[in-house]
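Have a look at input-v3.txt; it's compact mmCIF, C-alpha atoms:
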```
# COMPACT_ATOMS: atom_id res chain seq x y z
CA MET A 14 14.42 -0.41 -14.39
CA GLY A 15 11.26 1.29 -15.58
CA TRP A 16 9.49 0.70 -12.31
CA LEU A 17 12.29 2.35 -10.30
CA ARG A 18 12.10 5.47 -12.41
CA LEU A 19 8.31 5.57 -12.08
CA ALA A 20 8.43 4.97 -8.32
CA PHE A 21 11.06 7.69 -7.89
CA PHE A 22 9.07 10.34 -9.75
CA MET A 23 5.81 9.24 -8.12
CA TYR A 24 7.20 9.64 -4.61
CA VAL A 25 8.87 12.96 -5.46
CA GLY A 26 5.50 14.18 -6.71
CA LEU A 27 3.67 12.80 -3.68
CA THR A 28 6.18 14.49 -1.36
CA ILE A 29 5.44 17.86 -2.95
CA ILE A 30 1.70 17.17 -2.60
CA TYR A 31 2.25 16.08 1.01
CA PHE A 32 3.95 19.34 1.97
CA VAL A 33 1.52 21.59 0.10
CA THR A 34 -1.46 19.79 1.68
CA GLY A 35 0.24 20.02 5.09
CA ILE A 36 0.62 23.79 4.73
CA TYR A 37 -3.02 24.07 3.64
CA SER A 38 -4.26 21.94 6.53
CA ARG A 39 -2.29 24.00 9.10
CA SER A 40 -3.61 27.20 7.58
CA VAL A 41 -7.22 26.00 7.82
CA ARG A 42 -6.71 24.97 11.47
CA ARG A 43 -5.12 28.31 12.37
CA GLU A 44 -7.97 30.22 10.77
CA LYS A 45 -10.50 28.11 12.68
CA LEU A 46 -8.73 28.87 15.98
CA GLU A 47 -8.59 32.58 15.19
CA LYS A 48 -12.30 32.65 14.39
CA GLU A 49 -13.13 30.64 17.51
CA TRP A 50 -11.35 33.27 19.65
CA ASP A 51 -12.65 36.29 17.77
CA THR A 52 -16.32 35.24 17.86
CA ASP A 53 -16.36 34.33 21.56
CA PRO A 54 -18.05 37.22 23.46
CA ALA A 55 -16.43 36.09 26.76
CA ARG A 56 -12.99 36.82 25.32
CA GLU A 57 -13.68 40.38 24.24
CA GLY A 58 -11.06 42.81 25.48
CA VAL A 59 -8.63 40.07 26.49
CA PRO A 60 -5.05 41.11 25.55
CA ALA A 61 -3.68 40.00 22.20
CA ALA A 62 -0.83 38.08 23.88
CA GLU A 63 -3.36 35.61 25.32
CA ARG A 64 -4.92 35.17 21.90
CA ALA A 65 -1.51 34.27 20.49
CA VAL A 66 -0.95 31.74 23.29
CA PHE A 67 -4.40 30.21 22.66
CA ILE A 68 -3.65 29.81 18.95
CA GLU A 69 -0.18 28.37 19.53
CA ASP A 70 -1.64 25.83 22.00
CA GLY A 71 -4.20 24.85 19.41
CA MET A 72 -1.50 24.36 16.78
CA VAL A 73 0.59 22.18 19.12
CA HIS A 74 -2.53 20.13 19.70
CA TYR A 75 -3.04 19.85 15.94
CA ASP A 76 0.56 18.67 15.42
CA LYS A 77 -0.08 15.73 17.75
CA GLY A 78 -3.57 14.98 16.45
CA LEU A 79 -5.10 12.37 14.19
CA LYS A 80 -5.78 14.79 11.32
CA LYS A 81 -2.12 15.44 10.75
CA ARG A 82 -1.37 11.74 10.72
CA LEU A 83 -4.12 11.21 8.14
CA LEU A 84 -1.93 13.15 5.71
CA TRP A 85 0.19 9.99 5.37
CA LEU A 86 -2.70 8.68 3.28
CA ILE A 87 -1.26 10.85 0.51
CA TYR A 88 1.52 8.26 0.27
CA ILE A 89 -0.47 5.19 1.27
CA LEU A 90 -3.50 5.42 -1.04
CA PRO A 91 -1.58 5.82 -4.35
CA THR A 92 0.74 2.98 -3.35
CA ILE A 93 -2.26 0.73 -2.69
CA GLY A 94 -3.83 1.80 -5.99
CA PHE A 95 -0.59 1.05 -7.80
CA LEU A 96 -0.23 -2.45 -6.29
CA ALA A 97 -3.93 -3.21 -6.75
CA THR A 98 -3.72 -2.27 -10.45
CA ILE A 99 -0.74 -4.58 -10.98
CA TYR A 100 -2.53 -7.41 -9.17
CA PHE A 101 -5.89 -7.13 -10.91
CA ILE A 102 -4.45 -6.64 -14.40
CA ASN A 103 -1.90 -9.46 -14.28
CA TRP A 104 -3.03 -12.08 -11.77
CA HIS A 105 -6.75 -11.83 -11.48
CA MET B 2 -13.98 39.72 -28.17
CA TRP B 3 -11.96 38.75 -25.11
CA THR B 4 -14.91 36.92 -23.56
CA LYS B 5 -15.26 34.91 -26.76
CA ILE B 6 -11.55 33.98 -26.73
CA LYS B 7 -11.77 33.09 -23.05
CA TRP B 8 -14.75 30.83 -23.62
CA GLY B 9 -13.07 29.31 -26.65
CA ILE B 10 -10.02 28.39 -24.56
CA ARG B 11 -12.24 26.96 -21.81
CA ILE B 12 -14.23 24.80 -24.21
CA LEU B 13 -11.00 23.62 -25.84
CA LEU B 14 -9.55 22.68 -22.44
CA VAL B 15 -12.66 20.71 -21.44
CA LEU B 16 -12.59 18.96 -24.82
CA ILE B 17 -8.91 18.01 -24.49
CA VAL B 18 -9.34 16.71 -20.93
CA GLY B 19 -12.50 14.82 -21.93
CA LEU B 20 -10.85 13.15 -24.93
CA PHE B 21 -7.78 12.31 -22.86
CA LEU B 22 -9.91 10.62 -20.19
CA HIS B 23 -12.02 8.86 -22.81
CA TYR B 24 -8.87 7.41 -24.36
CA THR B 25 -7.22 6.43 -21.06
CA LEU B 26 -10.02 5.15 -18.81
CA PRO B 27 -11.04 1.50 -19.15
CA GLN B 28 -14.23 0.58 -20.99
CA ARG B 29 -15.95 -2.76 -21.38
CA ASP B 30 -17.44 -4.17 -24.55
CA VAL B 31 -19.69 -7.21 -24.54
CA VAL B 32 -18.60 -9.14 -27.62
CA GLN B 33 -17.99 -12.55 -29.10
CA ILE B 34 -14.38 -13.37 -29.96
CA ILE B 35 -14.07 -14.67 -33.52
CA ASN B 36 -10.33 -14.73 -34.13
CA THR B 37 -6.96 -14.23 -32.45
CA TYR B 38 -3.70 -13.81 -34.31
CA ASN B 39 -0.34 -12.09 -34.54
CA LYS B 40 0.56 -9.62 -37.24
CA ASN B 41 3.74 -7.79 -38.11
CA THR B 42 2.57 -4.24 -37.76
CA PRO B 43 4.43 -1.25 -39.14
CA ILE B 44 4.45 1.63 -36.72
CA GLY B 45 5.22 5.11 -37.94
CA GLY B 46 3.69 8.44 -37.09
CA ASN B 47 1.03 6.71 -34.99
CA TRP B 48 3.63 5.45 -32.47
CA MET B 49 1.94 7.50 -29.76
CA PHE B 50 -1.02 5.10 -29.80
CA TYR B 51 1.14 2.00 -29.35
CA SER B 52 3.10 0.84 -26.33
CA ILE B 53 6.47 2.46 -25.72
CA GLU B 54 9.34 0.53 -27.21
CA ASP B 55 10.94 -1.21 -24.24
CA THR B 56 7.85 -3.14 -23.15
CA GLY B 57 8.86 -6.21 -25.17
CA THR B 58 5.53 -7.05 -26.77
CA GLY B 59 6.20 -9.83 -29.25
CA VAL B 60 9.30 -9.48 -31.37
CA GLU B 61 10.47 -6.11 -32.51
CA THR B 62 11.71 -7.26 -35.87
CA THR B 63 13.04 -3.83 -36.75
CA ALA B 64 12.68 -0.43 -35.16
CA THR B 65 9.43 0.21 -37.00
CA ILE B 66 7.79 -3.18 -37.44
CA ARG B 67 6.44 -4.96 -34.40
CA ASP B 68 4.87 -8.38 -34.01
CA ILE B 69 1.60 -7.52 -32.26
CA ARG B 70 -1.17 -9.79 -31.00
CA PHE B 71 -4.69 -8.98 -32.15
CA ILE B 72 -8.18 -10.09 -31.12
CA ASP B 73 -11.10 -9.85 -33.55
CA ALA B 74 -14.56 -9.61 -32.04
CA VAL B 75 -18.16 -9.07 -33.07
CA TYR B 76 -20.80 -7.14 -31.13
CA ALA B 77 -24.22 -8.45 -30.13
CA ASP B 78 -25.86 -7.07 -33.29
CA GLY B 79 -23.92 -9.69 -35.25
CA THR B 80 -22.52 -7.30 -37.85
CA SER B 81 -20.42 -4.56 -36.27
CA VAL B 82 -16.93 -5.72 -35.40
CA MET B 83 -13.98 -4.52 -33.36
CA VAL B 84 -10.28 -5.28 -33.59
CA TYR B 85 -8.31 -5.09 -30.35
CA ARG B 86 -4.56 -5.11 -30.09
CA ASN B 87 -3.09 -6.98 -27.15
CA GLU B 88 0.13 -5.31 -26.09
CA ASP B 89 1.96 -4.95 -22.81
CA THR B 90 1.89 -1.41 -21.46
CA GLY B 91 5.02 0.26 -20.17
CA TRP B 92 5.85 1.72 -16.83
CA PHE B 93 4.48 5.10 -17.54
CA TRP B 94 1.33 5.92 -19.46
CA PRO B 95 -1.38 4.68 -19.54
CA PRO B 96 -0.76 3.24 -16.06
CA TYR B 97 -2.22 -0.23 -16.57
CA PHE B 98 1.07 -2.08 -15.83
CA LYS B 99 0.02 -4.96 -18.05
CA TRP B 100 2.62 -7.68 -18.61
CA ASP B 101 0.38 -10.65 -19.36
CA SER B 102 -0.32 -10.24 -23.07
CA SER B 103 0.54 -13.88 -23.71
CA THR B 104 -1.84 -15.08 -20.99
CA LEU B 105 -4.56 -12.75 -22.22
CA GLN B 106 -4.11 -14.02 -25.76
CA ALA B 107 -4.48 -17.61 -24.52
CA GLU B 108 -7.62 -16.69 -22.56
CA ALA B 109 -9.08 -14.96 -25.60
CA GLN B 110 -8.24 -18.00 -27.74
CA ASN B 111 -9.93 -20.25 -25.18
CA LEU B 112 -13.10 -18.12 -25.21
CA LYS B 113 -13.31 -18.04 -29.00
CA SER B 114 -16.63 -19.29 -30.35
CA ASP B 115 -18.70 -19.44 -33.52
CA LYS B 116 -22.10 -18.02 -34.37
CA THR B 117 -24.07 -21.21 -33.70
CA ASN B 118 -22.89 -21.49 -30.11
CA PRO B 119 -21.74 -18.02 -29.09
CA GLN B 120 -19.73 -17.42 -25.92
CA TRP B 121 -20.20 -13.82 -24.81
CA VAL B 122 -17.31 -12.06 -23.12
CA ALA B 123 -16.63 -8.63 -21.64
CA ILE B 124 -13.38 -7.21 -23.02
CA THR B 125 -11.92 -4.46 -20.86
CA HIS B 126 -9.89 -2.11 -22.99
CA TYR B 127 -8.69 1.44 -23.38
CA GLY B 128 -8.05 3.43 -26.52
CA TRP B 129 -9.81 4.01 -29.81
CA ARG B 130 -10.19 2.29 -33.14
CA LEU B 131 -9.30 4.87 -35.77
CA PRO B 132 -8.70 3.22 -39.15
CA ILE B 133 -7.28 6.39 -40.68
CA PHE B 134 -4.29 6.26 -38.30
CA SER B 135 -4.26 2.42 -38.01
CA ILE B 136 -4.74 2.55 -34.26
CA PHE B 137 -6.47 -0.07 -32.15
CA PRO B 138 -7.81 -0.19 -28.59
CA ASN B 139 -5.61 -2.24 -26.27
CA ALA B 140 -7.41 -5.12 -24.52
CA VAL B 141 -6.41 -5.52 -20.87
CA ASN B 142 -8.81 -8.14 -19.58
CA VAL B 143 -11.34 -10.67 -20.83
CA THR B 144 -14.06 -12.32 -18.75
CA PRO B 145 -16.95 -14.56 -19.79
CA VAL B 146 -20.44 -13.10 -19.26
CA ASP B 147 -23.89 -14.68 -19.31
CA GLY B 148 -25.24 -13.09 -22.43
CA PRO B 149 -25.12 -10.16 -24.82
CA ASP B 150 -27.58 -8.10 -22.73
CA VAL B 151 -25.61 -8.20 -19.46
CA ARG B 152 -25.52 -4.87 -17.65
CA LEU B 153 -22.05 -3.79 -16.52
CA ILE B 154 -21.69 -0.90 -14.10
CA PRO B 155 -18.38 0.97 -14.54
CA TRP B 156 -17.54 1.16 -10.82
CA LEU B 157 -13.86 1.81 -11.41
CA ASN B 158 -14.54 4.76 -13.70
CA LEU B 159 -17.04 6.21 -11.22
CA ILE B 160 -14.44 5.98 -8.46
CA LEU B 161 -11.65 7.44 -10.61
CA LEU B 162 -13.80 10.35 -11.81
CA GLY B 163 -14.82 10.93 -8.19
CA VAL B 164 -11.16 11.04 -7.16
CA ILE B 165 -10.34 13.47 -9.99
CA ALA B 166 -13.26 15.72 -9.01
CA PHE B 167 -12.10 15.62 -5.36
CA VAL B 168 -8.56 16.60 -6.35
CA VAL B 169 -9.82 19.50 -8.48
CA VAL B 170 -12.04 20.76 -5.63
CA MET B 171 -9.12 20.47 -3.18
CA ILE B 172 -6.76 22.41 -5.48
CA ARG B 173 -9.39 25.14 -5.77
CA LYS B 174 -9.89 25.24 -1.98
CA MET B 175 -6.12 25.41 -1.43
CA TRP B 176 -5.78 28.25 -3.91
CA LEU B 177 -8.64 30.20 -2.29
CA GLN B 178 -7.12 29.64 1.16
CA PHE B 179 -3.72 30.79 -0.10
CA ARG B 180 -5.29 33.92 -1.58
CA GLU B 181 -7.32 34.69 1.52
CA ARG B 182 -4.42 34.21 3.97
CA MET B 183 -1.41 35.32 1.94
CA VAL B 184 -2.31 37.47 -1.05
CA ASP B 185 -5.25 39.53 0.19
CA PRO B 186 -3.70 40.65 3.53
CA THR B 187 -0.55 41.86 1.75
CA LEU B 188 -2.73 43.60 -0.79
CA ALA B 189 -4.63 45.29 2.04
CA ASP B 190 -1.30 46.52 3.44
CA VAL B 191 -0.36 47.85 0.06
CA GLY B 192 -3.75 49.53 -0.13
CA ASP B 193 -3.21 51.23 3.26
CA THR B 194 0.17 52.56 2.19
CA PHE B 195 -1.30 53.85 -1.00
CA ASP B 196 -4.21 55.40 0.88
CA ALA B 197 -1.67 57.45 2.76
CA ALA B 198 -0.10 58.43 -0.50
CA GLY B 199 -3.55 59.30 -1.79
CA ALA B 200 -3.20 59.69 -5.48
CA ARG B 201 -1.88 56.27 -6.37
CA VAL B 202 -4.85 54.31 -4.96
CA ASP B 203 -6.59 54.00 -8.29
CA ALA B 204 -3.47 52.70 -9.96
CA ALA B 205 -3.08 50.03 -7.30
CA ARG B 206 -6.72 49.00 -7.57
CA LYS B 207 -6.42 48.70 -11.31
CA GLU B 208 -3.32 46.58 -10.93
CA ALA B 209 -4.94 44.28 -8.38
CA ARG B 210 -7.86 43.47 -10.63
CA GLY B 211 -8.51 39.94 -11.83
CA PHE B 212 -6.69 36.67 -11.35
CA PHE B 213 -3.26 37.57 -12.72
CA GLY B 214 -3.53 41.14 -11.44
CA ARG B 215 -3.77 39.77 -7.91
CA ILE B 216 -0.76 37.51 -8.37
CA GLY B 217 1.19 40.37 -9.93
CA ALA B 218 0.28 42.71 -7.10
CA TRP B 219 1.27 40.07 -4.58
CA MET B 220 4.61 39.57 -6.36
CA ASN B 221 5.14 43.35 -6.27
CA THR B 222 4.95 43.29 -2.49
CA TRP B 223 8.16 41.22 -2.52
CA ARG B 224 10.05 43.84 -4.52
CA ALA B 225 12.38 46.23 -2.74
CA LYS B 226 10.55 49.33 -1.56
CA LYS B 227 11.75 52.52 -3.19
```
As a first step, turn the structure in this file into structure tokens.
Amino acid sequence: MGWLRLAFFMYVGLTIIYFVTGIYSRSVRREKLEKEWDTDPAREGVPAAERAVFIEDGMVHYDKGLKKRLLWLIYILPTIGFLATIYFINWH
Amino acid sequence: MWTKIKWGIRILLVLIVGLFLHYTLPQRDVVQIINTYNKNTPIGGNWMFYSIEDTGTGVETTATIRDIRFIDAVYADGTSVMVYRNEDTGWFWPPYFKWDSSTLQAEAQNLKSDKTNPQWVAITHYGWRLPIFSIFPNAVNVTPVDGPDVRLIPWLNLILLGVIAFVVVMIRKMWLQFRERMVDPTLADVGDTFDAAGARVDAARKEARGFFGRIGAWMNTWRAKK
């Protein structure tokens, strides 16, 4: 039963890490979009509503993108490490 | 005074983390195995340096005496020796998930040799030998090597330390991002309000100083406005 307990706490922990990293990653992307708009001389004086639309479009794009899917590695890599450890210690 | 205490705490933290990693991460010794045996071992206050109870290593004759497998070995200099215990690890810490103590003991027995015709082996282990507490490093793997001078590169440790460093850097980056996007803007708002009030600016600045001051000031922005 030990392994069930360990797996349970490991995935609870990884889920917390997954969400915190997700929030961080979104925040970084949003900041990048804001800076992209604010530093573009062609967009000077354009109303703030358009800026908001630009940023929201960028975020929708991010939600469908590869980078967000890469966050699943937070679950995948520790699981691989876990199985690899068991294999190399006991059967190699 | 405070700087000295702060540095003291920092050095202590680094020391604790360093010792913890040194105990837990695998190391390899190039040795010659000279004996393998079982011994009923009393475990008392040093229980922390043995496997947790439900791992089923050998026979637990009573709650405090365990039948543990041992491996005696001698280093290349021919005089300094090391005693390894060979115990299953549990499902928690250290995360080696070792269940093959019997197999390992047989392998060690098979690689046993005498001084005239030495067979050199690399024993992967974690832990320390501290005679004062009767604690022994736990062997997790044994592989034959060509000779006593073989050069082993600790790839696994390099990778693990790299991963730990990456995680620390990421936590720092996340914290800085959180502060830049969440804490500082709210603080700026607070500052503006106080600017209007005039006299209380200094008090706010004082409050918002330093690491915990910033957190405290950020927490204050959640309080009901009077």
At a cut-off of 9 Å, using all atoms listed in the file, what residues contact Gly71 in chain A? Leave out same-chain residues fewer than 5 positions from it and give the result as JSON, numbers by chain. {"A": [42, 43, 46, 66, 76]}
Quick one: residues within 12 Å of (8.0, 10.9, 1.9) (file frame), counting only C-alpha atoms, please, as a VMD selection string. chain A and resid 20 to 32 84 to 89 92
All residues 6 Å or closer to range 68-83 of chain B, only C-alpha atoms, same chain fewer than 5 positions away omitted, as JSON, numbers by chain: {"B": [32, 33, 34, 35, 36, 37, 38, 39, 40, 41, 59, 60, 149]}
File of the preceding selection, C-alpha atoms, as a PDB file, in the coordinates of the input:
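Done, and the output landed in part_23.pdb:
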```
ATOM      1  CA  VAL B  32     -18.600  -9.140 -27.620  1.00  0.00           C
ATOM      2  CA  GLN B  33     -17.990 -12.550 -29.100  1.00  0.00           C
ATOM      3  CA  ILE B  34     -14.380 -13.370 -29.960  1.00  0.00           C
ATOM      4  CA  ILE B  35     -14.070 -14.670 -33.520  1.00  0.00           C
ATOM      5  CA  ASN B  36     -10.330 -14.730 -34.130  1.00  0.00           C
ATOM      6  CA  THR B  37      -6.960 -14.230 -32.450  1.00  0.00           C
ATOM      7  CA  TYR B  38      -3.700 -13.810 -34.310  1.00  0.00           C
ATOM      8  CA  ASN B  39      -0.340 -12.090 -34.540  1.00  0.00           C
ATOM      9  CA  LYS B  40       0.560  -9.620 -37.240  1.00  0.00           C
ATOM     10  CA  ASN B  41       3.740  -7.790 -38.110  1.00  0.00           C
ATOM     11  CA  GLY B  59       6.200  -9.830 -29.250  1.00  0.00           C
ATOM     12  CA  VAL B  60       9.300  -9.480 -31.370  1.00  0.00           C
ATOM     13  CA  PRO B 149     -25.120 -10.160 -24.820  1.00  0.00           C
TER      14      PRO B 149
END
```
For chain A against chain B, which residues fall within 8 Å using all atoms listed in the file, given as a PyMOL selection string? chain A and resi 15-16+19+34+37+40-41+98-99+102-103
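Among B:Asn139, B:Gln120, B:Arg130, B:Ser114, the residue with the shortest atom-to-atom distance to Arg86 in chain B, counting only C-alpha atoms, is B:Asn139.
Between CA of Ala65 in chain A and CA of Arg173 in chain B the separation is 28.9 Å.
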Distance of CA of Lys80 in chain A from CA of Arg39 in chain A, expressed in Å to one decimal place: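 CA of Arg39 in chain A sits 10.1 Å away from CA of Lys80 in chain A.
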Separation of CA of Pro43 in chain B from CA of Ile66 in chain B in Å: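 Here the two named atoms are 4.2 Å from each other.
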Can you tell me which residues surround Gly45 in chain B at a distance of at most 12 Å, considering only C-alpha atoms, apart from same-chain residues fewer than 5 positions away, and format the answer as a list in words? Phe50, Tyr51, Thr63, Ala64, Thr65, Ile66, Arg67, Phe134, Ser135 and Ile136 of chain B
Is it possible to get the residues within 10 Å of (-10.4, -3.5, -13.6) (coordinates as in the file, counting all atoms listed in the file) written as a tab-separated table (two decimals) with C-alpha atoms, keeping the file's coordinate frame?
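Done, and the output landed in part_21.tsv:
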```
chain	number	residue	atom	x	y	z
A	97	ALA	CA	-3.93	-3.21	-6.75
A	98	THR	CA	-3.72	-2.27	-10.45
A	100	TYR	CA	-2.53	-7.41	-9.17
A	101	PHE	CA	-5.89	-7.13	-10.91
A	102	ILE	CA	-4.45	-6.64	-14.40
A	105	HIS	CA	-6.75	-11.83	-11.48
B	27	PRO	CA	-11.04	1.50	-19.15
B	28	GLN	CA	-14.23	0.58	-20.99
B	29	ARG	CA	-15.95	-2.76	-21.38
B	97	TYR	CA	-2.22	-0.23	-16.57
B	125	THR	CA	-11.92	-4.46	-20.86
B	126	HIS	CA	-9.89	-2.11	-22.99
B	141	VAL	CA	-6.41	-5.52	-20.87
B	142	ASN	CA	-8.81	-8.14	-19.58
B	155	PRO	CA	-18.38	0.97	-14.54
B	156	TRP	CA	-17.54	1.16	-10.82
B	157	LEU	CA	-13.86	1.81	-11.41
B	158	ASN	CA	-14.54	4.76	-13.70
```
